[in-house]
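File shown: start05.csv (CSV, C-alpha atoms).
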```
chain,number,residue,atom,x,y,z
A,180,MET,CA,-85.7,-5.1,-7.7
A,181,ILE,CA,-85.5,-7.1,-4.5
A,182,GLY,CA,-87.2,-10.0,-6.0
A,183,LYS,CA,-84.9,-10.2,-9.0
A,184,PHE,CA,-81.9,-10.1,-6.6
A,185,LYS,CA,-83.3,-13.1,-4.7
A,186,ASN,CA,-83.9,-15.0,-7.9
A,187,ASN,CA,-80.2,-14.4,-9.1
A,188,THR,CA,-78.8,-15.6,-5.8
A,189,LYS,CA,-80.7,-18.9,-6.0
A,190,ILE,CA,-79.5,-19.3,-9.6
A,191,LYS,CA,-75.9,-18.8,-8.5
A,192,ILE,CA,-76.1,-21.3,-5.6
A,193,ILE,CA,-77.6,-23.9,-7.9
A,194,SER,CA,-74.8,-23.3,-10.5
A,195,LEU,CA,-72.1,-23.7,-7.8
A,196,LEU,CA,-73.6,-26.9,-6.5
A,197,SER,CA,-73.9,-28.3,-10.0
A,198,ALA,CA,-70.3,-27.6,-10.8
A,199,LEU,CA,-69.2,-29.2,-7.5
A,200,VAL,CA,-71.2,-32.3,-8.3
A,201,LEU,CA,-69.8,-32.5,-11.8
A,202,TRP,CA,-66.2,-32.1,-10.4
A,203,LEU,CA,-66.8,-34.9,-7.9
A,204,TYR,CA,-68.1,-37.1,-10.7
A,205,VAL,CA,-65.1,-36.5,-12.8
A,206,MET,CA,-62.7,-37.1,-10.0
A,207,GLU,CA,-64.3,-40.1,-8.5
A,208,VAL,CA,-65.9,-41.8,-11.4
A,209,VAL,CA,-64.1,-40.7,-14.5
A,210,ASP,CA,-60.5,-40.5,-12.7
A,211,PRO,CA,-58.6,-38.8,-15.5
A,212,ASP,CA,-54.9,-39.4,-16.4
A,213,GLU,CA,-52.4,-36.9,-15.1
A,214,THR,CA,-48.6,-36.4,-14.9
A,215,LYS,CA,-46.9,-35.2,-11.7
A,216,LEU,CA,-43.3,-33.9,-11.4
A,217,PHE,CA,-41.1,-34.5,-8.3
A,218,GLU,CA,-37.8,-32.5,-8.2
A,219,ASN,CA,-34.4,-33.0,-6.5
A,220,ILE,CA,-34.9,-36.6,-5.4
A,221,PRO,CA,-31.7,-37.9,-3.8
A,222,VAL,CA,-30.0,-40.8,-5.6
A,223,THR,CA,-28.7,-43.8,-3.7
A,224,ILE,CA,-25.6,-45.5,-5.0
A,225,THR,CA,-26.3,-49.3,-4.8
A,226,ASN,CA,-22.7,-50.5,-5.2
A,227,MET,CA,-21.0,-48.4,-2.5
A,228,ASN,CA,-19.3,-51.6,-1.1
A,229,GLU,CA,-17.6,-52.1,-4.5
A,230,LEU,CA,-16.3,-48.5,-4.3
A,231,LYS,CA,-15.1,-49.1,-0.8
A,232,GLU,CA,-13.3,-52.3,-1.7
A,233,ASN,CA,-11.4,-50.3,-4.5
A,234,ASP,CA,-10.6,-47.4,-2.1
A,235,LEU,CA,-12.7,-45.1,-4.2
A,236,VAL,CA,-14.9,-42.2,-3.1
A,237,ILE,CA,-17.2,-39.8,-4.9
A,238,TYR,CA,-15.4,-36.4,-4.8
A,239,PRO,CA,-16.3,-33.6,-4.9
A,240,ASN,CA,-18.9,-35.0,-2.6
A,241,THR,CA,-21.9,-33.1,-4.1
A,242,GLU,CA,-25.3,-34.6,-3.5
A,243,ILE,CA,-26.6,-36.5,-6.5
A,244,THR,CA,-30.2,-35.8,-7.3
A,245,SER,CA,-32.6,-36.1,-10.2
A,246,ASP,CA,-36.1,-35.1,-11.2
A,247,ILE,CA,-38.8,-37.8,-12.0
A,248,ASN,CA,-42.2,-37.6,-13.6
A,249,PHE,CA,-45.0,-40.0,-12.7
A,250,SER,CA,-48.0,-40.6,-15.0
A,251,GLY,CA,-51.2,-42.4,-14.3
A,252,LYS,CA,-54.7,-42.1,-12.8
A,253,LEU,CA,-55.1,-39.0,-10.7
A,254,SER,CA,-56.3,-41.1,-7.7
A,255,LYS,CA,-53.1,-43.1,-7.8
A,256,LEU,CA,-50.8,-40.1,-8.2
A,257,LYS,CA,-52.3,-38.5,-5.1
A,258,LYS,CA,-51.0,-41.3,-3.0
A,259,ILE,CA,-47.3,-40.8,-4.0
A,260,LYS,CA,-45.3,-38.8,-1.5
A,261,LYS,CA,-41.8,-37.3,-2.3
A,262,GLU,CA,-40.3,-38.9,0.8
A,263,ASN,CA,-41.4,-42.4,-0.5
A,264,ILE,CA,-39.7,-42.0,-3.8
A,265,HIS,CA,-36.4,-43.9,-4.2
A,266,ILE,CA,-34.0,-43.5,-7.1
A,267,ASP,CA,-31.0,-45.9,-7.3
A,268,GLY,CA,-27.8,-45.5,-9.2
A,269,GLN,CA,-25.1,-47.9,-10.1
A,270,ILE,CA,-21.5,-47.1,-11.2
A,271,LYS,CA,-20.4,-50.0,-13.4
A,272,ASN,CA,-16.6,-50.8,-13.4
A,273,PRO,CA,-15.7,-47.9,-11.2
A,274,ILE,CA,-12.3,-46.3,-11.8
A,275,GLU,CA,-10.5,-43.1,-10.6
A,276,GLY,CA,-11.8,-40.2,-12.7
A,277,LYS,CA,-15.1,-39.6,-14.4
A,278,ASN,CA,-17.7,-42.5,-14.3
A,279,GLU,CA,-21.2,-42.9,-15.6
A,280,ILE,CA,-24.0,-43.6,-13.2
A,281,TYR,CA,-27.2,-45.3,-14.4
A,282,LEU,CA,-30.4,-44.3,-12.5
A,283,THR,CA,-33.4,-46.5,-12.0
A,284,ALA,CA,-36.7,-46.1,-10.0
A,285,SER,CA,-39.8,-48.1,-9.2
A,286,ALA,CA,-43.4,-47.0,-9.3
A,287,PRO,CA,-46.7,-48.4,-8.0
A,288,GLY,CA,-48.9,-50.5,-10.3
A,289,GLN,CA,-50.7,-48.7,-13.1
A,290,ILE,CA,-48.2,-45.8,-12.7
A,291,THR,CA,-45.4,-45.1,-15.2
A,292,HIS,CA,-42.3,-43.0,-14.5
A,293,ASP,CA,-39.7,-41.1,-16.4
A,294,ILE,CA,-36.4,-40.1,-14.8
A,295,LYS,CA,-35.2,-36.7,-16.3
A,296,ASP,CA,-31.5,-37.5,-16.2
A,297,ASN,CA,-31.2,-41.3,-16.0
A,298,LEU,CA,-27.5,-41.1,-17.0
A,299,GLN,CA,-25.2,-38.9,-14.9
A,300,ILE,CA,-21.4,-38.3,-14.6
A,301,VAL,CA,-19.7,-38.5,-11.3
A,302,THR,CA,-16.0,-38.2,-10.4
A,303,LEU,CA,-14.3,-40.8,-8.2
A,304,GLU,CA,-11.0,-40.3,-6.3
A,305,LYS,CA,-8.7,-42.7,-4.6
A,306,LEU,CA,-8.9,-42.8,-0.8
A,307,VAL,CA,-5.3,-42.3,0.4
A,308,THR,CA,-3.6,-42.0,3.8
A,309,GLU,CA,-0.5,-39.9,4.4
A,310,LYS,CA,1.5,-38.9,7.5
A,311,LYS,CA,1.4,-35.2,8.3
A,312,ALA,CA,3.5,-33.4,10.9
A,313,VAL,CA,1.8,-32.2,14.1
A,314,GLU,CA,2.4,-28.6,15.1
A,315,ILE,CA,1.5,-27.2,18.5
A,316,LYS,CA,0.7,-23.5,18.5
A,317,VAL,CA,0.9,-21.7,21.8
A,318,GLN,CA,-1.2,-18.6,22.6
A,319,ASP,CA,1.4,-17.3,25.1
A,320,LYS,CA,4.9,-18.4,24.2
A,321,SER,CA,6.6,-16.2,26.7
A,322,LYS,CA,5.7,-18.7,29.5
A,323,ILE,CA,6.9,-21.8,27.7
A,324,ASP,CA,10.3,-23.5,28.2
A,325,GLN,CA,9.6,-26.8,26.4
A,326,ILE,CA,6.7,-28.8,24.9
A,327,SER,CA,6.7,-32.5,24.2
A,328,LYS,CA,4.0,-34.4,22.4
A,329,ASP,CA,3.2,-38.1,22.3
A,330,LYS,CA,3.2,-38.1,18.5
A,331,LYS,CA,5.1,-36.1,15.9
A,332,ASN,CA,3.0,-37.2,12.9
A,333,ILE,CA,-0.6,-38.1,12.4
A,334,SER,CA,-2.2,-40.1,9.6
A,335,VAL,CA,-4.7,-38.1,7.5
A,336,SER,CA,-7.1,-40.1,5.2
A,337,GLY,CA,-9.5,-38.9,2.5
A,338,PRO,CA,-9.8,-38.2,-1.2
A,339,ARG,CA,-6.3,-37.8,-2.8
A,340,SER,CA,-6.8,-34.1,-3.8
A,341,LEU,CA,-8.0,-33.2,-0.3
A,342,VAL,CA,-5.2,-35.0,1.5
A,343,LYS,CA,-2.7,-33.3,-0.8
A,344,GLU,CA,-4.1,-29.9,0.4
A,345,VAL,CA,-3.2,-30.7,4.0
A,346,LYS,CA,0.1,-29.1,4.9
A,347,ASN,CA,0.1,-30.2,8.5
A,348,VAL,CA,-2.1,-30.9,11.6
A,349,VAL,CA,-2.3,-28.1,14.1
A,350,GLY,CA,-3.3,-28.0,17.8
A,351,ILE,CA,-3.8,-24.8,19.8
A,352,LEU,CA,-2.4,-24.9,23.3
A,353,ASP,CA,-3.7,-22.4,25.9
A,354,VAL,CA,-1.4,-22.0,28.8
A,355,GLY,CA,-4.0,-20.0,30.7
A,356,SER,CA,-3.3,-19.3,34.3
A,357,ASN,CA,-1.0,-22.3,34.8
A,358,THR,CA,2.1,-21.4,36.8
A,359,ASN,CA,3.5,-25.0,37.1
A,360,ASP,CA,4.4,-27.6,34.6
A,361,PHE,CA,1.2,-29.4,33.3
A,362,SER,CA,-0.1,-32.0,30.8
A,363,ASN,CA,-3.1,-31.6,28.5
A,364,GLN,CA,-5.1,-33.0,25.6
A,365,VAL,CA,-5.0,-30.7,22.6
A,366,SER,CA,-7.6,-31.0,19.8
A,367,LEU,CA,-6.2,-31.4,16.3
A,368,MET,CA,-7.2,-29.8,13.0
A,369,PRO,CA,-5.9,-30.4,9.5
A,370,VAL,CA,-4.9,-27.1,7.7
A,371,ASP,CA,-3.7,-26.0,4.3
A,372,LYS,CA,-0.6,-23.8,3.7
A,373,LYS,CA,-2.7,-20.7,4.5
A,374,GLY,CA,-3.8,-22.1,7.8
A,375,ASN,CA,-7.4,-22.7,6.8
A,376,GLU,CA,-9.1,-25.9,7.9
A,377,VAL,CA,-9.3,-28.7,5.3
A,378,VAL,CA,-12.8,-30.2,5.6
A,379,GLY,CA,-13.5,-33.7,4.3
A,380,VAL,CA,-10.5,-35.6,5.6
A,381,GLU,CA,-10.3,-37.9,8.6
A,382,LEU,CA,-7.5,-37.9,11.3
A,383,GLU,CA,-6.1,-41.0,12.9
A,384,GLN,CA,-7.0,-39.4,16.2
A,385,SER,CA,-8.7,-36.2,17.1
A,386,SER,CA,-6.3,-35.0,19.9
A,387,ILE,CA,-2.9,-35.7,21.3
A,388,ALA,CA,-1.3,-35.4,24.8
A,389,VAL,CA,1.2,-32.7,25.4
A,390,ASN,CA,3.5,-32.2,28.3
A,391,VAL,CA,4.4,-28.5,29.0
A,392,THR,CA,7.4,-27.3,31.0
A,393,LEU,CA,7.1,-23.6,32.0
A,394,LEU,CA,9.9,-21.2,32.5
A,395,GLU,CA,10.8,-20.5,36.1
A,396,GLU,CA,10.3,-17.0,37.4
A,397,LYS,CA,12.0,-15.2,40.3
A,398,LYS,CA,12.4,-11.7,41.7
A,399,VAL,CA,16.0,-10.7,42.3
A,400,PRO,CA,17.7,-7.5,43.4
A,401,ILE,CA,19.6,-5.3,40.9
A,402,ARG,CA,23.2,-4.6,41.6
A,403,ILE,CA,24.6,-1.4,40.2
A,404,LYS,CA,28.1,-1.7,38.8
A,405,PHE,CA,30.1,1.5,39.2
A,406,ASN,CA,33.4,2.3,37.7
A,407,GLU,CA,34.6,3.2,41.3
A,408,GLU,CA,33.3,2.9,44.8
A,409,ILE,CA,30.6,5.3,45.7
A,410,ASN,CA,27.9,5.8,48.3
A,411,LEU,CA,24.7,4.2,47.0
A,412,LYS,CA,22.5,6.4,49.1
A,413,ASP,CA,23.4,9.3,46.7
A,414,TYR,CA,21.5,7.6,43.9
A,415,THR,CA,17.8,6.9,43.1
A,416,LEU,CA,16.9,3.9,40.9
A,417,SER,CA,13.7,3.4,38.9
A,418,GLN,CA,13.5,0.0,40.4
A,419,GLU,CA,15.7,-2.0,42.8
A,420,SER,CA,14.7,-5.5,41.7
A,421,VAL,CA,13.6,-7.3,38.6
A,422,THR,CA,11.7,-10.5,37.7
A,423,ILE,CA,13.8,-12.9,35.7
A,424,LYS,CA,12.5,-15.8,33.7
A,425,GLY,CA,14.3,-18.9,32.3
A,426,LYS,CA,15.2,-22.5,32.8
A,427,LYS,CA,14.9,-23.6,36.4
A,428,ASP,CA,18.6,-24.5,36.8
A,429,ILE,CA,19.7,-21.0,35.6
A,430,VAL,CA,17.1,-19.1,37.6
A,431,ASP,CA,17.9,-21.0,40.8
A,432,LYS,CA,21.6,-20.1,40.8
A,433,THR,CA,21.0,-16.4,39.9
A,434,GLU,CA,20.8,-14.3,43.1
A,435,SER,CA,21.1,-10.8,41.6
A,436,ILE,CA,21.4,-9.0,38.2
A,437,GLU,CA,24.2,-6.7,37.6
A,438,THR,CA,24.1,-3.6,35.4
A,439,GLN,CA,26.6,-2.5,32.8
A,440,SER,CA,29.4,-0.3,34.2
A,441,VAL,CA,28.2,3.2,35.2
A,442,ASP,CA,30.7,6.2,35.0
A,443,ILE,CA,29.5,8.6,37.7
A,444,ASN,CA,31.0,11.5,35.7
A,445,GLU,CA,28.4,10.7,33.0
A,446,VAL,CA,25.6,11.1,35.4
A,447,ALA,CA,24.9,14.8,35.8
A,448,ASN,CA,23.3,16.2,38.9
A,449,GLY,CA,19.5,15.7,38.9
A,450,ILE,CA,19.4,14.0,35.4
A,451,SER,CA,18.4,10.4,34.9
A,452,LYS,CA,20.5,8.0,32.8
A,453,GLU,CA,19.5,4.6,31.4
A,454,ILE,CA,21.7,1.7,32.3
A,455,TYR,CA,21.2,-1.7,30.7
A,456,LEU,CA,21.1,-5.0,32.7
A,457,ASN,CA,23.7,-7.7,32.1
A,458,LEU,CA,21.4,-10.7,31.8
A,459,PRO,CA,23.2,-14.1,31.8
A,460,GLU,CA,22.6,-16.2,28.7
A,461,GLY,CA,19.3,-18.1,28.9
A,462,LEU,CA,17.5,-15.5,31.1
A,463,GLU,CA,14.9,-13.0,30.2
A,464,ALA,CA,13.7,-10.0,32.3
A,465,GLU,CA,10.6,-7.8,32.5
A,466,THR,CA,12.8,-4.9,31.4
A,467,LYS,CA,16.2,-4.5,29.6
A,468,TYR,CA,17.3,-1.4,31.5
A,469,ILE,CA,16.6,0.8,34.5
A,470,THR,CA,17.3,4.5,35.1
A,471,ILE,CA,19.6,5.9,37.7
A,472,LYS,CA,19.4,9.5,39.0
A,473,LEU,CA,22.3,11.2,40.8
A,474,ASN,CA,21.0,13.1,43.7
A,475,THR,CA,22.4,16.6,44.0
A,476,ILE,CA,26.1,16.3,45.2
A,477,ASN,CA,28.5,19.1,45.9
A,478,ILE,CA,31.7,19.5,43.9
A,479,ILE,CA,34.8,19.8,46.0
A,480,LYS,CA,37.8,21.8,44.8
A,481,GLU,CA,41.3,21.3,46.2
A,482,ASN,CA,44.8,22.7,45.5
A,483,PHE,CA,48.1,20.9,46.3
A,484,GLU,CA,51.6,22.2,46.1
A,485,TYR,CA,54.4,20.0,44.9
A,486,THR,CA,58.2,20.6,45.0
A,487,PRO,CA,60.9,18.9,42.8
A,488,GLN,CA,61.4,16.4,45.6
A,489,ASP,CA,57.8,15.2,45.2
A,490,ILE,CA,58.2,14.4,41.5
A,491,GLU,CA,59.1,10.8,40.5
A,492,ILE,CA,61.5,10.1,37.7
A,493,ARG,CA,60.5,7.1,35.6
A,494,ASN,CA,62.1,5.1,32.7
A,495,ASN,CA,65.6,6.6,32.9
A,496,GLU,CA,66.9,3.9,30.7
A,497,SER,CA,69.5,6.2,29.0
A,498,ASN,CA,71.0,7.3,32.5
A,499,ILE,CA,70.2,10.9,32.0
A,500,ASP,CA,71.6,13.2,34.6
A,501,THR,CA,68.4,14.1,36.4
A,502,SER,CA,70.1,17.1,38.0
A,503,THR,CA,70.0,18.7,34.5
A,504,LEU,CA,66.2,18.7,34.7
A,505,LYS,CA,64.8,22.2,35.5
A,506,ILE,CA,61.8,21.2,37.6
A,507,PRO,CA,59.9,24.2,38.8
A,508,ASP,CA,60.3,24.9,42.6
A,509,ASN,CA,56.5,25.0,43.0
A,510,ILE,CA,54.0,23.0,41.0
A,511,ASN,CA,50.3,23.6,41.7
A,512,VAL,CA,47.8,20.8,41.2
A,513,SER,CA,44.1,21.8,41.1
A,514,ILE,CA,41.4,19.2,41.3
A,515,GLU,CA,37.6,18.9,41.3
A,516,TYR,CA,35.7,15.9,42.5
A,517,LEU,CA,32.3,14.8,43.8
A,518,GLU,CA,31.6,15.1,47.5
A,519,ASN,CA,30.5,11.5,47.8
A,520,MET,CA,33.9,10.2,46.8
A,521,GLY,CA,35.3,11.0,50.2
A,522,THR,CA,38.4,13.1,50.8
A,523,ILE,CA,41.1,13.2,48.2
A,524,LYS,CA,44.6,13.7,49.7
A,525,LYS,CA,47.8,14.9,48.1
A,526,SER,CA,49.3,11.5,48.4
A,527,ASP,CA,46.5,10.2,46.2
A,528,ILE,CA,48.0,12.1,43.3
A,529,VAL,CA,51.5,11.2,42.1
A,530,LEU,CA,53.4,13.5,39.7
A,531,TYR,CA,56.1,12.1,37.5
A,532,ILE,CA,58.3,12.7,34.5
A,533,ASP,CA,58.7,9.9,32.0
A,534,LEU,CA,62.2,10.1,30.5
A,535,LYS,CA,61.3,7.7,27.8
A,536,GLN,CA,59.0,10.3,26.4
A,537,GLU,CA,60.1,11.8,23.1
A,538,ILE,CA,60.8,15.5,23.9
A,539,GLY,CA,59.6,18.0,21.4
A,540,GLU,CA,60.4,21.6,20.7
A,541,GLY,CA,62.1,23.4,23.5
A,542,ASN,CA,63.5,20.1,25.0
A,543,LYS,CA,60.6,19.9,27.5
A,544,TYR,CA,59.1,16.9,29.3
A,545,ASP,CA,55.5,16.7,30.4
A,546,ILE,CA,54.8,16.6,34.1
A,547,LYS,CA,52.3,13.7,34.2
A,548,TYR,CA,50.2,12.3,37.0
A,549,ASP,CA,48.7,9.1,38.3
A,550,VAL,CA,45.5,9.1,40.4
A,551,LYS,CA,43.3,6.1,41.3
A,552,TYR,CA,40.1,8.2,41.5
A,553,ASN,CA,37.9,9.4,38.6
A,554,LEU,CA,38.2,13.1,39.1
A,555,LYS,CA,36.0,15.6,37.3
A,556,SER,CA,39.1,17.7,36.5
A,557,ILE,CA,42.8,18.0,37.3
A,558,VAL,CA,45.1,20.8,36.2
A,559,VAL,CA,48.9,20.7,36.7
A,560,ASN,CA,50.6,24.1,36.5
A,561,PRO,CA,53.2,24.4,35.2
A,562,SER,CA,52.8,21.2,33.2
A,563,LYS,CA,56.3,20.9,31.6
A,564,THR,CA,59.9,21.0,32.6
A,565,GLU,CA,63.1,21.5,30.6
```

Spit out the file's structure as structure tokens when you get a sec.
Amino acid sequence: MIGKFKNNTKIKIISLLSALVLWLYVMEVVDPDETKLFENIPVTITNMNELKENDLVIYPNTEITSDINFSGKLSKLKKIKKENIHIDGQIKNPIEGKNEIYLTASAPGQITHDIKDNLQIVTLEKLVTEKKAVEIKVQDKSKIDQISKDKKNISVSGPRSLVKEVKNVVGILDVGSNTNDFSNQVSLMPVDKKGNEVVGVELEQSSIAVNVTLLEEKKVPIRIKFNEEINLKDYTLSQESVTIKGKKDIVDKTESIETQSVDINEVANGISKEIYLNLPEGLEAETKYITIKLNTINIIKENFEYTPQDIEIRNNESNIDTSTLKIPDNINVSIEYLENMGTIKKSDIVLYIDLKQEIGEGNKYDIKYDVKYNLKSIVVNPSKTE
């Protein structure tokens, strides 16, 4: 068995060597004819200068390629490399729209070739140039007072359909940490109506210079406007100053910000109330309102007695005999007011009868009062006279 195995091995080796020798003979001596396919070979347009002279460009700008077969002796085909293959194309009488392109190629001696698609169709478009508006978009508009740019419009060049897609040219400005006016170069990008970049067009320039004026900022005190004089120490504010922002001339002349008028009677003890700031036109602030809280203040109650001699008679245009008025001998006036208003005296409250008043049932006039303070309550008893 072992001997037979050795004999078979020798036979196999001899057969392999024989086949190799026969293959070498065929390849080197016989040199058979073969065909070799090369795919996706780029096409070079030979009359590009003519297109340029006529302001034409291939668009859509897809790469033009073709497949090519080479036929000939195997030894010759082995020497052909894909990178050394050149296919040329010529567009005869180029016009805007669809055009035929004729493809040609060359091959080494004793080699033939066959271009798969030797006639292709390409689309040409006119190269146009249009002016497009430049828009500067700011990432933080709250700091900006004014932006000036050295150009309002930029020329955009390219295939007609692409240029038509361009709505405007946009530059993005980043204010960053700048606190003073500054100048900067801003890169430009052509965009369509959706804000997407339009690729395939050229800009007259890739950036423009912009000058940026920032809004002025300043911290000023808040001045509370009360409907009457009070002691400020009786109130607590959420903040006593505010940062304002605006044009320099307005900010410079603003020394404080006043609130809307505050009625102290609307501010209950221990409860906060929102009061809005009265900002001059052209100014912004970090907040539109603050809160004021009335500290606990005692309510004072007083009673004053009035006699007929204390009552004023007003508007006696009909010369009524005032002695006929039955004014009560004692008129009591009860008042309530906040402690921080100071002391209210009898002389601060004037009682009077207005004879111009239309008297109603019972022929009675109202006993009215004048007081310069905003009292929490005032009661006149009796309140009428015959």

(message) Could you list, as a PyMOL selection string, every residue within 7 Å of Val349 in chain A, counting only C-alpha atoms and ignoring same-chain residues fewer than 5 positions away?
(response) chain A and resi 313-315+367-370

(message) Residues within 10 Å of Glu491 in chain A, please, as a PyMOL selection string. Count only C-alpha atoms; anything in the same chain fewer than 4 positions from it doesn't count.
(response) chain A and resi 487+529-533+546-548

(request) Would you please work out which residue, of A:Pro273, A:Gly379, A:Gly521, A:Gly355, is nearest to Asn553 in chain A when using only C-alpha atoms? (result) A:Gly521

(request) Find, counting all atoms listed in the file, the residue in A:Glu445, A:Glu232, A:Asp319, A:Asp549 that gets nearest to Ser356 in chain A. (result) A:Asp319

(request) Extract, using all atoms listed in the file, all DNA, RNA and protein residues at most 10 Å from range 326-332 of chain A, discarding same-chain residues fewer than 6 positions from it, and format them as a list in words. (result) Glu309, Lys310, Lys311, Ala312, Val313, Glu314, Ile315, Val317, Asn347, Val348, Ser362, Asn363, Gln364, Val365, Glu383, Ile387, Ala388, Val389, Asn390, Val391, Thr392 and Leu393 of chain A

(request) Could you check how far CA of Gly337 in chain A sits from CA of Val307 in chain A, in Å to one decimal? (result) 5.8 Å

(request) Would you please work out which residue, of A:Asn297, A:Thr214, A:Asn272, A:Thr223, is nearest to Leu256 in chain A when using all atoms listed in the file? (result) A:Thr214

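Counting only C-alpha atoms, the residue from A:Glu218, A:Glu419, A:Leu341, A:Gly350 that sits nearest to Lys316 in chain A is A:Gly350.
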
Missing atoms in range 301-313 of chain A: fill them in up to N, CA and C atoms and send the result as a short mmCIF file (atom, residue, chain, number, x, y, z; two decimals), keeping the file's coordinate frame.
```cif
data_model
loop_
_atom_site.label_atom_id
_atom_site.label_comp_id
_atom_site.auth_asym_id
_atom_site.auth_seq_id
_atom_site.Cartn_x
_atom_site.Cartn_y
_atom_site.Cartn_z
N VAL A 301 -20.22 -38.81 -12.58
CA VAL A 301 -19.70 -38.50 -11.30
C VAL A 301 -18.16 -38.72 -11.32
N THR A 302 -17.44 -38.03 -10.43
CA THR A 302 -16.00 -38.20 -10.40
C THR A 302 -15.60 -38.97 -9.12
N LEU A 303 -14.77 -39.99 -9.33
CA LEU A 303 -14.30 -40.80 -8.20
C LEU A 303 -12.81 -40.50 -7.98
N GLU A 304 -12.42 -40.48 -6.71
CA GLU A 304 -11.00 -40.30 -6.30
C GLU A 304 -10.58 -41.43 -5.42
N LYS A 305 -9.30 -41.71 -5.47
CA LYS A 305 -8.70 -42.70 -4.60
C LYS A 305 -8.72 -42.22 -3.16
N LEU A 306 -9.04 -43.10 -2.24
CA LEU A 306 -8.90 -42.80 -0.80
C LEU A 306 -7.41 -43.09 -0.46
N VAL A 307 -6.71 -42.09 0.05
CA VAL A 307 -5.30 -42.30 0.40
C VAL A 307 -5.09 -41.89 1.86
N THR A 308 -3.98 -42.36 2.41
CA THR A 308 -3.60 -42.00 3.80
C THR A 308 -2.13 -41.59 3.78
N GLU A 309 -1.91 -40.42 4.38
CA GLU A 309 -0.50 -39.90 4.40
C GLU A 309 -0.25 -39.39 5.86
N LYS A 310 1.02 -39.46 6.24
CA LYS A 310 1.50 -38.90 7.50
C LYS A 310 1.70 -37.42 7.40
N LYS A 311 1.17 -36.65 8.32
CA LYS A 311 1.40 -35.20 8.30
C LYS A 311 1.94 -34.80 9.70
N ALA A 312 2.85 -33.82 9.68
CA ALA A 312 3.50 -33.40 10.90
C ALA A 312 2.48 -32.65 11.82
N VAL A 313 2.67 -32.86 13.12
CA VAL A 313 1.80 -32.20 14.10
C VAL A 313 2.55 -30.98 14.64
#
```
